[in-house]
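This is query_37.txt. It holds compact mmCIF, C-alpha atoms.
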```txt
# COMPACT_ATOMS: atom_id res chain seq x y z
CA MET A 223 0.00 0.00 0.00
CA GLY A 224 2.85 2.37 0.89
CA LEU A 225 4.52 1.61 -2.43
CA LEU A 226 1.31 2.22 -4.39
CA TRP A 227 0.89 5.56 -2.63
CA THR A 228 4.50 6.54 -3.47
CA LEU A 229 3.87 5.67 -7.12
CA PHE A 230 0.62 7.64 -7.14
CA VAL A 231 2.15 10.77 -5.59
CA SER A 232 5.24 10.57 -7.83
CA PHE A 233 3.15 10.52 -11.00
CA ILE A 234 0.87 13.31 -9.78
CA GLN A 235 4.04 15.41 -9.60
CA VAL A 236 5.13 14.27 -13.05
CA GLY A 237 1.69 15.19 -14.42
CA LEU A 238 1.60 18.50 -12.63
CA PHE A 239 5.04 19.81 -13.53
CA SER A 240 5.52 18.55 -17.08
CA VAL A 241 4.44 21.70 -18.87
CA GLY A 242 5.01 21.85 -22.60
CA GLY A 243 4.83 18.39 -24.06
CA GLY A 244 6.28 14.94 -23.70
CA TYR A 245 10.01 15.56 -23.51
CA ALA A 246 9.58 17.94 -20.59
CA ALA A 247 8.33 14.96 -18.57
CA ILE A 248 11.44 12.78 -19.03
CA PRO A 249 13.75 14.50 -16.49
CA LEU A 250 10.87 14.66 -14.00
CA ILE A 251 10.18 10.94 -14.28
CA GLN A 252 13.88 10.19 -13.95
CA GLU A 253 14.07 12.38 -10.84
CA GLN A 254 11.07 10.69 -9.20
CA ILE A 255 11.51 7.08 -10.26
CA VAL A 256 15.25 6.56 -10.63
CA ASN A 257 16.86 9.09 -8.29
CA THR A 258 14.43 9.73 -5.42
CA HIS A 259 12.56 6.45 -5.03
CA GLN A 260 14.93 4.07 -6.87
CA LEU A 261 12.10 2.03 -8.34
CA MET A 262 14.06 1.48 -11.56
CA THR A 263 17.69 1.41 -12.68
CA MET A 264 19.02 3.93 -15.17
CA SER A 265 19.33 1.28 -17.90
CA GLU A 266 15.71 0.19 -17.42
CA PHE A 267 14.79 3.85 -17.63
CA THR A 268 16.68 4.24 -20.92
CA ASP A 269 14.80 1.24 -22.30
CA LEU A 270 11.58 2.86 -21.17
CA ILE A 271 12.36 6.05 -23.12
CA THR A 272 13.21 4.04 -26.24
CA ILE A 273 9.95 2.10 -26.02
CA ALA A 274 7.90 5.18 -25.21
CA GLU A 275 9.24 6.82 -28.37
CA MET A 276 8.54 3.77 -30.51
CA THR A 277 4.95 3.30 -29.41
CA PRO A 278 1.91 5.52 -29.73
CA GLY A 279 0.75 7.67 -26.84
CA PRO A 280 2.18 10.46 -24.70
CA ILE A 281 5.53 9.70 -23.05
CA SER A 282 4.29 10.44 -19.52
CA ILE A 283 1.34 8.04 -19.89
CA ASN A 284 3.59 5.41 -21.46
CA SER A 285 6.10 5.68 -18.64
CA ALA A 286 3.41 5.70 -15.96
CA THR A 287 2.07 2.42 -17.36
CA PHE A 288 5.54 0.91 -17.80
CA VAL A 289 6.84 1.87 -14.34
CA GLY A 290 3.58 0.82 -12.63
CA GLN A 291 3.51 -2.49 -14.50
CA ARG A 292 7.11 -3.37 -13.62
CA VAL A 293 6.95 -2.25 -10.01
CA TYR A 294 3.45 -3.35 -8.98
CA GLY A 295 1.74 -5.16 -11.88
CA THR A 296 -1.49 -4.03 -13.53
CA ILE A 297 -2.83 -2.32 -10.40
CA GLY A 298 0.39 -0.33 -10.22
CA ALA A 299 0.01 0.64 -13.88
CA ILE A 300 -3.55 1.86 -13.29
CA VAL A 301 -2.59 3.84 -10.18
CA CYS A 302 0.38 5.51 -11.93
CA THR A 303 -1.65 6.39 -15.01
CA ILE A 304 -4.46 7.91 -12.96
CA GLY A 305 -1.86 9.90 -10.99
CA ALA A 306 -0.32 11.21 -14.23
CA ILE A 307 -3.63 12.46 -15.63
CA ILE A 308 -5.40 13.84 -12.54
CA PRO A 309 -3.67 17.27 -12.64
CA ALA A 310 -4.32 17.60 -16.38
CA PHE A 311 -7.95 16.62 -15.89
CA ILE A 312 -8.67 19.20 -13.18
CA ILE A 313 -6.70 22.06 -14.74
CA CYS A 314 -7.97 21.58 -18.30
CA LEU A 315 -11.57 21.15 -17.18
CA THR A 316 -11.31 24.49 -15.37
CA LEU A 317 -9.72 26.17 -18.40
CA ALA A 318 -12.32 24.66 -20.73
CA TYR A 319 -15.09 26.04 -18.53
CA PHE A 320 -13.66 29.57 -18.72
CA TYR A 321 -12.87 29.28 -22.42
CA TYR A 322 -16.45 28.39 -23.34
CA LYS A 323 -17.84 31.02 -20.99
CA TYR A 324 -15.77 33.92 -22.33
CA LYS A 325 -14.62 32.96 -25.80
CA ASN A 326 -17.05 35.24 -27.64
CA PHE A 327 -15.87 38.41 -25.90
CA SER A 328 -14.15 40.64 -28.44
CA GLY A 329 -10.96 41.07 -26.40
CA VAL A 330 -10.66 37.31 -25.88
CA GLN A 331 -11.21 36.79 -29.61
CA THR A 332 -8.36 39.21 -30.42
CA VAL A 333 -5.96 37.37 -28.11
CA LEU A 334 -6.99 33.97 -29.47
CA GLY A 335 -6.61 35.35 -32.99
CA ALA A 336 -2.93 36.04 -32.32
CA LEU A 337 -2.42 32.57 -30.85
CA ARG A 338 -3.90 30.59 -33.76
CA PRO A 339 -1.17 31.27 -36.37
CA ALA A 340 1.42 30.24 -33.76
CA VAL A 341 -0.40 26.96 -33.16
CA VAL A 342 -0.42 26.30 -36.92
CA ALA A 343 3.34 26.91 -36.93
CA LEU A 344 3.86 24.52 -33.99
CA ILE A 345 1.93 21.79 -35.77
CA ALA A 346 3.88 22.46 -38.99
CA SER A 347 7.16 22.24 -37.08
CA ALA A 348 6.21 18.87 -35.55
CA GLY A 349 5.27 17.68 -39.05
CA ALA A 350 8.58 18.87 -40.52
CA SER A 351 10.55 17.03 -37.82
CA ILE A 352 8.70 13.79 -38.49
CA LEU A 353 9.07 14.17 -42.26
CA VAL A 354 12.84 14.66 -41.97
CA LEU A 355 13.00 11.71 -39.57
CA ALA A 356 11.06 9.59 -42.08
CA LEU A 357 13.23 10.61 -45.05
CA PHE A 358 16.67 10.62 -43.41
CA ASN A 359 16.18 8.69 -40.15
CA THR A 360 17.84 11.60 -38.29
CA ASP A 361 17.16 15.30 -37.65
CA PHE A 362 17.90 18.10 -40.13
CA THR A 363 21.24 19.08 -38.57
CA GLN A 364 22.65 15.61 -39.34
CA ALA A 365 20.80 14.75 -42.53
CA THR A 366 22.90 14.04 -45.63
CA PHE A 367 21.69 13.12 -49.08
CA SER A 368 23.33 9.68 -48.98
CA GLN A 369 20.89 8.67 -46.21
CA PHE A 370 17.89 9.67 -48.29
CA ARG A 371 15.20 6.99 -48.10
CA TRP A 372 13.40 6.71 -51.43
CA LEU A 373 10.84 4.21 -50.14
CA GLU A 374 9.62 6.56 -47.40
CA PHE A 375 9.69 9.45 -49.85
CA GLY A 376 7.42 7.51 -52.24
CA LEU A 377 5.07 6.52 -49.40
CA PHE A 378 4.91 10.13 -48.22
CA ILE A 379 4.09 11.52 -51.68
CA ALA A 380 1.49 8.78 -52.30
CA GLY A 381 -0.08 9.31 -48.88
CA PHE A 382 -0.24 13.07 -49.29
CA TYR A 383 -1.72 12.80 -52.80
CA ILE A 384 -4.44 10.40 -51.66
CA LEU A 385 -5.23 12.60 -48.64
CA ARG A 386 -5.69 15.69 -50.81
CA LYS A 387 -7.73 13.87 -53.48
CA LYS A 388 -9.89 11.41 -51.59
CA LYS A 389 -9.96 12.71 -47.99
CA PRO A 390 -9.60 9.26 -46.36
CA SER A 391 -9.30 8.95 -42.58
CA ALA A 392 -5.87 9.57 -41.03
CA VAL A 393 -5.77 6.12 -39.45
CA SER A 394 -6.26 4.35 -42.79
CA VAL A 395 -3.39 6.31 -44.37
CA ILE A 396 -1.00 5.61 -41.47
CA LEU A 397 -1.94 1.91 -41.37
CA GLY A 398 -1.72 1.71 -45.18
CA THR A 399 1.80 3.15 -45.30
CA GLY A 400 2.73 0.82 -42.42
CA VAL A 401 1.57 -2.34 -44.19
CA ILE A 402 2.68 -1.48 -47.74
CA GLY A 403 5.97 0.06 -46.59
CA THR A 404 6.88 -2.92 -44.40
CA LEU A 405 6.16 -5.40 -47.20
CA LEU A 406 8.22 -3.38 -49.69
CA GLN A 407 11.10 -2.90 -47.27
CA VAL A 408 11.20 -6.60 -46.39
CA ALA A 409 11.15 -7.46 -50.11
CA LEU A 410 13.98 -4.94 -50.78
CA ASN A 411 16.05 -6.37 -47.92
CA ALA A 412 15.58 -9.87 -49.30
CA MET A 413 16.83 -8.87 -52.76
CA MET B 124 -28.53 10.14 -29.37
CA LYS B 125 -26.34 11.19 -26.47
CA GLU B 126 -24.96 7.67 -25.95
CA ASN B 127 -24.26 7.62 -29.66
CA LYS B 128 -22.17 10.78 -29.43
CA LEU B 129 -20.26 9.50 -26.39
CA TRP B 130 -19.54 6.23 -28.17
CA LYS B 131 -18.33 8.11 -31.26
CA LEU B 132 -16.17 10.30 -29.01
CA PHE B 133 -14.69 7.19 -27.39
CA THR B 134 -14.01 5.30 -30.63
CA SER B 135 -12.55 8.40 -32.32
CA THR B 136 -10.15 9.27 -29.52
CA PHE B 137 -9.26 5.56 -29.12
CA MET B 138 -8.43 5.03 -32.80
CA LEU B 139 -6.45 8.26 -33.12
CA SER B 140 -4.53 7.62 -29.92
CA ALA B 141 -3.61 4.12 -31.09
CA PHE B 142 -1.85 5.52 -34.16
CA THR B 143 -0.16 8.62 -32.81
CA PHE B 144 3.58 8.38 -33.01
CA GLY B 145 5.76 11.33 -32.28
CA GLY B 146 4.35 13.74 -29.75
CA GLY B 147 1.43 15.93 -28.89
CA PHE B 148 1.10 18.04 -32.03
CA VAL B 149 0.68 14.94 -34.15
CA ILE B 150 -2.51 13.96 -32.37
CA VAL B 151 -3.75 17.52 -32.59
CA SER B 152 -3.53 17.43 -36.38
CA LEU B 153 -5.32 14.07 -36.36
CA TYR B 154 -8.02 15.57 -34.09
CA ASN B 155 -8.34 18.44 -36.52
CA LYS B 156 -8.88 16.07 -39.42
CA LYS B 157 -11.36 13.91 -37.52
CA PHE B 158 -13.45 16.38 -35.52
CA VAL B 159 -13.34 19.43 -37.82
CA GLU B 160 -13.15 17.90 -41.28
CA GLU B 161 -14.89 14.52 -40.97
CA LEU B 162 -17.40 14.83 -38.14
CA GLU B 163 -17.81 18.64 -38.30
CA TRP B 164 -18.27 18.79 -34.53
CA LEU B 165 -15.97 21.81 -34.15
CA GLU B 166 -14.89 24.93 -36.01
CA GLU B 167 -11.28 25.05 -37.08
CA GLU B 168 -10.61 28.14 -34.91
CA GLU B 169 -12.01 26.31 -31.89
CA MET B 170 -9.66 23.37 -32.48
CA LEU B 171 -6.68 25.76 -32.65
CA ASP B 172 -7.80 27.44 -29.40
CA ILE B 173 -8.09 24.02 -27.73
CA THR B 174 -4.57 23.22 -28.93
CA ALA B 175 -3.19 26.47 -27.48
CA ILE B 176 -4.85 25.77 -24.12
CA ALA B 177 -3.71 22.12 -24.15
CA GLN B 178 -0.15 23.18 -24.91
CA SER B 179 0.00 25.76 -22.12
CA SER B 180 -1.43 23.53 -19.37
CA PRO B 181 0.59 20.96 -17.46
CA GLY B 182 0.28 17.36 -18.58
CA PRO B 183 0.47 15.56 -21.91
CA ILE B 184 -1.04 17.53 -24.82
CA PRO B 185 -3.21 14.65 -26.13
CA VAL B 186 -4.78 14.15 -22.70
CA ASN B 187 -5.28 17.89 -22.20
CA ALA B 188 -6.85 18.29 -25.64
CA SER B 189 -9.18 15.34 -25.09
CA VAL B 190 -10.33 16.75 -21.72
CA ILE B 191 -11.37 20.04 -23.38
CA LEU B 192 -12.81 18.35 -26.45
CA GLY B 193 -14.82 15.92 -24.32
CA TYR B 194 -16.09 18.75 -22.14
CA ARG B 195 -17.22 20.63 -25.25
CA MET B 196 -19.10 17.61 -26.63
CA ALA B 197 -20.73 16.24 -23.47
CA GLY B 198 -19.61 17.99 -20.28
CA ILE B 199 -17.56 16.28 -17.58
CA LEU B 200 -18.79 12.83 -18.64
CA GLY B 201 -17.52 13.63 -22.14
CA SER B 202 -14.12 14.55 -20.69
CA ILE B 203 -13.89 11.24 -18.87
CA VAL B 204 -14.91 9.29 -21.98
CA ALA B 205 -12.37 11.14 -24.14
CA ILE B 206 -9.58 10.58 -21.59
CA LEU B 207 -10.35 6.86 -21.47
CA GLY B 208 -10.26 6.68 -25.26
CA THR B 209 -6.92 8.50 -25.30
CA ILE B 210 -5.10 6.54 -22.60
CA LEU B 211 -6.41 3.01 -23.17
CA PRO B 212 -4.35 2.27 -26.33
CA PRO B 213 -0.97 3.27 -24.83
CA PHE B 214 -1.98 1.57 -21.57
CA VAL B 215 -2.69 -1.76 -23.25
CA ILE B 216 0.28 -1.58 -25.64
CA ILE B 217 2.81 -0.63 -22.95
CA SER B 218 1.43 -3.21 -20.51
CA LEU B 219 2.05 -5.92 -23.10
CA ILE B 220 5.47 -4.57 -24.05
CA SER B 221 6.61 -4.24 -20.44
CA VAL B 222 6.43 -8.05 -20.30
CA PHE B 223 8.07 -8.74 -23.69
CA TYR B 224 10.26 -5.71 -24.09
CA THR B 225 13.57 -7.36 -24.94
CA GLN B 226 11.90 -9.27 -27.81
CA PHE B 227 10.06 -6.14 -28.91
CA LYS B 228 13.19 -3.99 -28.99
CA SER B 229 15.13 -6.40 -31.18
CA ASN B 230 12.33 -7.31 -33.62
CA GLN B 231 13.36 -6.34 -37.17
CA ILE B 232 9.83 -6.22 -38.65
CA ILE B 233 8.54 -3.93 -35.88
CA ALA B 234 11.50 -1.59 -36.41
CA ILE B 235 10.74 -1.41 -40.15
CA ALA B 236 7.00 -0.84 -39.62
CA LEU B 237 7.66 1.97 -37.13
CA GLN B 238 10.09 3.66 -39.52
CA VAL B 239 7.86 3.51 -42.64
CA MET B 240 4.75 4.62 -40.72
CA ARG B 241 6.47 7.94 -40.08
CA ALA B 242 6.00 8.72 -43.78
CA GLY B 243 2.25 8.27 -43.38
CA VAL B 244 2.15 10.39 -40.22
CA ALA B 245 4.11 13.14 -41.98
CA ALA B 246 1.66 13.07 -44.92
CA VAL B 247 -1.34 13.43 -42.59
CA ILE B 248 0.23 16.37 -40.74
CA LEU B 249 1.20 18.13 -43.98
CA ASP B 250 -2.36 17.65 -45.27
CA VAL B 251 -3.77 19.34 -42.16
CA VAL B 252 -1.11 22.07 -42.13
CA VAL B 253 -1.85 22.99 -45.77
CA ASP B 254 -5.51 23.65 -44.87
CA LEU B 255 -4.70 25.51 -41.63
CA GLY B 256 -1.95 27.58 -43.23
CA LYS B 257 -4.20 28.53 -46.15
CA HIS B 258 -6.77 29.90 -43.72
CA VAL B 259 -4.15 32.02 -41.95
CA LEU B 260 -3.02 33.41 -45.34
CA ASP B 261 -6.69 34.06 -46.26
CA THR B 262 -7.06 36.43 -43.29
CA LYS B 263 -4.63 38.73 -45.20
CA ASN B 264 -3.59 39.95 -41.75
CA ILE B 265 0.12 40.68 -42.06
CA VAL B 266 0.73 40.31 -38.32
CA TYR B 267 -0.78 36.80 -38.28
CA ILE B 268 1.21 35.71 -41.33
CA VAL B 269 4.50 37.04 -39.94
CA VAL B 270 3.75 35.44 -36.55
CA MET B 271 3.14 32.09 -38.26
CA LEU B 272 6.40 32.23 -40.25
CA LEU B 273 8.53 33.41 -37.34
CA ALA B 274 7.00 30.84 -35.00
CA PHE B 275 7.80 28.09 -37.48
CA ILE B 276 11.40 29.24 -38.00
CA GLY B 277 11.84 29.63 -34.23
CA THR B 278 10.53 26.20 -33.25
CA TYR B 279 11.89 24.19 -36.14
CA PHE B 280 15.30 25.71 -36.79
CA PHE B 281 16.18 27.22 -33.43
CA ASN B 282 14.41 24.81 -31.04
CA VAL B 283 12.53 27.60 -29.26
CA GLY B 284 10.13 25.97 -26.78
CA ALA B 285 6.44 25.91 -27.67
CA MET B 286 5.65 27.60 -24.35
CA TYR B 287 7.73 30.67 -25.29
CA ILE B 288 5.99 30.91 -28.65
CA ILE B 289 2.53 30.67 -27.05
CA PHE B 290 3.31 33.26 -24.37
CA THR B 291 4.89 35.66 -26.87
CA CYS B 292 1.73 35.49 -28.99
CA LEU B 293 -0.40 35.91 -25.88
CA ALA B 294 1.54 39.13 -25.21
CA ILE B 295 1.06 40.27 -28.83
CA GLY B 296 -2.67 39.61 -28.49
CA LEU B 297 -2.93 41.54 -25.22
CA VAL B 298 -1.04 44.52 -26.67
CA THR B 299 -3.42 44.50 -29.67
CA VAL B 300 -6.43 44.54 -27.34
CA TYR B 301 -4.92 47.45 -25.42
CA LEU B 302 -4.22 49.40 -28.62
CA ASP B 303 -7.78 48.73 -29.88
CA LEU B 304 -9.22 50.03 -26.62
CA ARG B 305 -7.12 53.18 -26.79
CA LYS B 306 -8.06 53.81 -30.39
CA GLU B 307 -11.75 53.53 -29.58
CA LYS B 308 -11.29 55.84 -26.62
CA ASP B 309 -9.68 58.46 -28.88
CA ASN B 310 -12.61 58.12 -31.25
CA GLY B 311 -14.88 59.18 -28.44
CA THR B 312 -16.43 55.80 -27.75
CA SER B 313 -16.63 55.13 -24.04
CA VAL B 314 -14.83 52.06 -22.73
CA ASP B 315 -18.02 50.89 -21.02
CA SER B 316 -19.82 50.43 -24.31
CA ILE B 317 -17.08 48.06 -25.48
CA ARG B 318 -17.48 45.90 -22.45
```
Just give me the structure as C-alpha cells.
Amino acid sequence: MGLLWTLFVSFIQVGLFSVGGGYAAIPLIQEQIVNTHQLMTMSEFTDLITIAEMTPGPISINSATFVGQRVYGTIGAIVCTIGAIIPAFIICLTLAYFYYKYKNFSGVQTVLGALRPAVVALIASAGASILVLALFNTDFTQATFSQFRWLEFGLFIAGFYILRKKKPSAVSVILGTGVIGTLLQVALNAM
Amino acid sequence: MKENKLWKLFTSTFMLSAFTFGGGFVIVSLYNKKFVEELEWLEEEEMLDITAIAQSSPGPIPVNASVILGYRMAGILGSIVAILGTILPPFVIISLISVFYTQFKSNQIIAIALQVMRAGVAAVILDVVVDLGKHVLDTKNIVYIVVMLLAFIGTYFFNVGAMYIIFTCLAIGLVTVYLDLRKEKDNGTSVDSIR
C-alpha cells in the first residue's frame, strides 16, 4: 500500500510539472523514479524512453504504465496512469469552462486570434521534424543526401496525394503506409 | 442520441490515440482532421484554441486536448470518456510490451514498420497544415502571417520551446487589445460600451 501511494504521488508530480509536451516529462520521471525512489535502474529507464518513443501515446502516460507495471503489476500501472492524468484533468476542465464562458468576448477573440497562427506553426514544425526523420532517419542538422530513403519518400508523396484527393481517414493512411511500406522494405532487404 | 455521441467520441479518440507516433502536435492534427473535417463537430478556430490551451497547461497535450474536447461535446462525462479513449491504447500496448520488451526492442519487422509509418504520419500532418496555413493566409492579416512564419522558424530551426511561442503570442494579443481600446477611446467611444 505504501509503495502504491508513493507511485501515485510521484506521478501526480510528473503530471503537474511537465508543462510543454512529452520531452519535458522525461527528467521529472527520472528524478522521481530513478533518483528519489529508486524504483528502476538507469538502464531500465533508458529502455523505457526508447519504447515510449517507438509506441503511440504520450511519453508520460507510457512511462506511468511501464513503471507501474514493472513495479506493482497491472494495479500499479492503473494507479500511476491515474496519478499522471489527474492534474491535467482538473486544470484543463477548469480552463475549458472559462474558455467556453468567455470565448465570444471581443478582447478574448483578439488574443486567441494572435495565438492561432502560432499553433499552426507549432503543428507544422512537428510535421517537418517527423518528415525529416522519415526521409533521413535523423534530424535536419545531421541529414545528408546519402541517407535519403526513397521508399519513405514515395510513401509520403502517395499518402499526401491520396489525402488531398480522396480525404480518407488519417488512421487508414498511417496503417496503409505501415503495411505497404513494411512489405516493400522486407522485399527490398531480401533482394 | 447522447450515448451515440459519447460512443463516437470514445471510438474516435481511441483510434487516433492508437496511431499517434511522435508527440502531442501529431494527435492535434489528427483531431483536426477527424473532428473538424470529418465529423464537423468543431470549427477550425475552436480546435486551434483548444490546442493552445492544451499546450500551455501541465500534462500531456493529447490528454489535455481530449479533456477540453470531451467537455465541449458532453460535459464532464464527455471529458472522462475522451480521456479513457486516449489513454487506453498506450496503456494496453505498454502493458504488453513491459512483459516482452527485450523481444520487442530487437524485432526487425517492428522496427521497419515503425520507420515507414512515419512517412504516413508526416503526410497526414502536412495535409492538415496545408488547410490551416491557407486559412491564416486568407485572413490577409500581415501580423498573423508574420507570426506564423517566425514561430515556425523559431521552433523548427532554433528549437525555441512551444511555451515561449505561445506566451509571446499571448503578449502580442494583449497589446493589440490594449491598442484597440485606446483607439476607440480616442474616437470618443466610451470604454463601457465596449465591455
B:Val149, B:Ala205, B:Ile173, B:Val190: which is nearest Thr136 (chain B), counting all atoms listed in the file?
->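 Checking each candidate against Thr136 (chain B), we get B:Ala205 as the closest.
When all atoms listed in the file are used to compute distances to Phe290 (chain B), the closest of the residues B:Ala274, B:Ile216, B:Leu302, B:Ala234 turns out to be B:Ala274.
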If you measure from CA of Asn155 (chain B) to CA of Leu249 (chain B), what distance in Å do you get, rounded to one decimal?
-> 12.1 Å
Compile the contact shell of region 206-213 of chain B as a list in words: residues with an atom at most 8 Å away, counting only C-alpha atoms, same-chain residues fewer than 3 positions apart removed.
->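 With the cut-off at 8 Å, the set is Thr277, Pro278, Gly279, Pro280, Ile283 and Asn284 of chain A; Leu132, Phe133, Thr134, Ser135, Thr136, Phe137, Met138, Leu139, Ser140, Ala141, Pro185, Val186, Ser189, Val190, Gly193, Ser202, Ile203, Ile216 and Ile217 of chain B.
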Using all atoms listed in the file, can you list as a CSV table (one decimal) with C-alpha atoms, in the coordinates of the input the residues within 12 Å of (9.9, 15.8, -34.5)?
```csv
chain,number,residue,atom,x,y,z
A,243,GLY,CA,4.8,18.4,-24.1
A,244,GLY,CA,6.3,14.9,-23.7
A,245,TYR,CA,10.0,15.6,-23.5
A,275,GLU,CA,9.2,6.8,-28.4
A,344,LEU,CA,3.9,24.5,-34.0
A,345,ILE,CA,1.9,21.8,-35.8
A,346,ALA,CA,3.9,22.5,-39.0
A,347,SER,CA,7.2,22.2,-37.1
A,348,ALA,CA,6.2,18.9,-35.6
A,349,GLY,CA,5.3,17.7,-39.0
A,350,ALA,CA,8.6,18.9,-40.5
A,351,SER,CA,10.6,17.0,-37.8
A,352,ILE,CA,8.7,13.8,-38.5
A,353,LEU,CA,9.1,14.2,-42.3
A,354,VAL,CA,12.8,14.7,-42.0
A,355,LEU,CA,13.0,11.7,-39.6
A,356,ALA,CA,11.1,9.6,-42.1
A,359,ASN,CA,16.2,8.7,-40.2
A,360,THR,CA,17.8,11.6,-38.3
A,361,ASP,CA,17.2,15.3,-37.6
A,362,PHE,CA,17.9,18.1,-40.1
B,144,PHE,CA,3.6,8.4,-33.0
B,145,GLY,CA,5.8,11.3,-32.3
B,146,GLY,CA,4.4,13.7,-29.8
B,147,GLY,CA,1.4,15.9,-28.9
B,148,PHE,CA,1.1,18.0,-32.0
B,149,VAL,CA,0.7,14.9,-34.2
B,241,ARG,CA,6.5,7.9,-40.1
B,244,VAL,CA,2.2,10.4,-40.2
B,245,ALA,CA,4.1,13.1,-42.0
B,248,ILE,CA,0.2,16.4,-40.7
B,278,THR,CA,10.5,26.2,-33.2
B,279,TYR,CA,11.9,24.2,-36.1
B,280,PHE,CA,15.3,25.7,-36.8
B,282,ASN,CA,14.4,24.8,-31.0
```
Would you list the contacts of region 289-299 of chain A as a PyMOL selection string, taking every protein, DNA or RNA residue within 12 Å and counting all atoms listed in the file, but skipping same-chain residues closer than 5 positions in sequence?
-> (chain A and resi 223-230+232-233+251-252+254-256+259-263+266-267+269-271+274+281-284+304-306) or (chain B and resi 210-211+213-224)
Grab the CA of Leu297 (chain B) to CA of Ala318 (chain A) distance for me, in Å with one decimal place.
-> 19.8 Å
Selected residue, from A:Ile402, A:Leu397, A:Ala343, A:Ser391, that lies nearest to Met271 (chain B) when counting all atoms listed in the file =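 The answer is A:Ala343, which sits nearest to Met271 (chain B).
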B:Ala246, B:Ala188, B:Val204, B:Ala197: which is nearest Pro390 (chain A), counting all atoms listed in the file?
-> B:Ala246
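Distances here use all atoms listed in the file; by that measure, the residue among A:Val401, A:Leu357, A:Val333, A:Ala365 closest to Phe378 (chain A) is A:Leu357.
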Residue nearest Asp303 (chain B) - candidates A:Asn257, A:Ile312, A:Tyr319, A:Thr332, atoms counted: all atoms listed in the file = A:Thr332
If we count all atoms listed in the file and set the cut-off at 12 Å, which residues sit around Ile295 (chain B), ignoring sequence neighbours fewer than 6 positions away in its own chain? Please answer as a compact mmCIF listing (two decimals) with C-alpha atoms, in the frame of the given file.
```txt
# COMPACT_ATOMS: atom_id res chain seq x y z
CA THR A 332 -8.36 39.21 -30.42
CA VAL A 333 -5.96 37.37 -28.11
CA LEU A 334 -6.99 33.97 -29.47
CA GLY A 335 -6.61 35.35 -32.99
CA ALA A 336 -2.93 36.04 -32.32
CA LEU A 337 -2.42 32.57 -30.85
CA ARG A 338 -3.90 30.59 -33.76
CA PRO A 339 -1.17 31.27 -36.37
CA ALA A 340 1.42 30.24 -33.76
CA VAL B 266 0.73 40.31 -38.32
CA TYR B 267 -0.78 36.80 -38.28
CA VAL B 270 3.75 35.44 -36.55
CA ILE B 288 5.99 30.91 -28.65
CA ILE B 289 2.53 30.67 -27.05
CA TYR B 301 -4.92 47.45 -25.42
CA LEU B 302 -4.22 49.40 -28.62
```
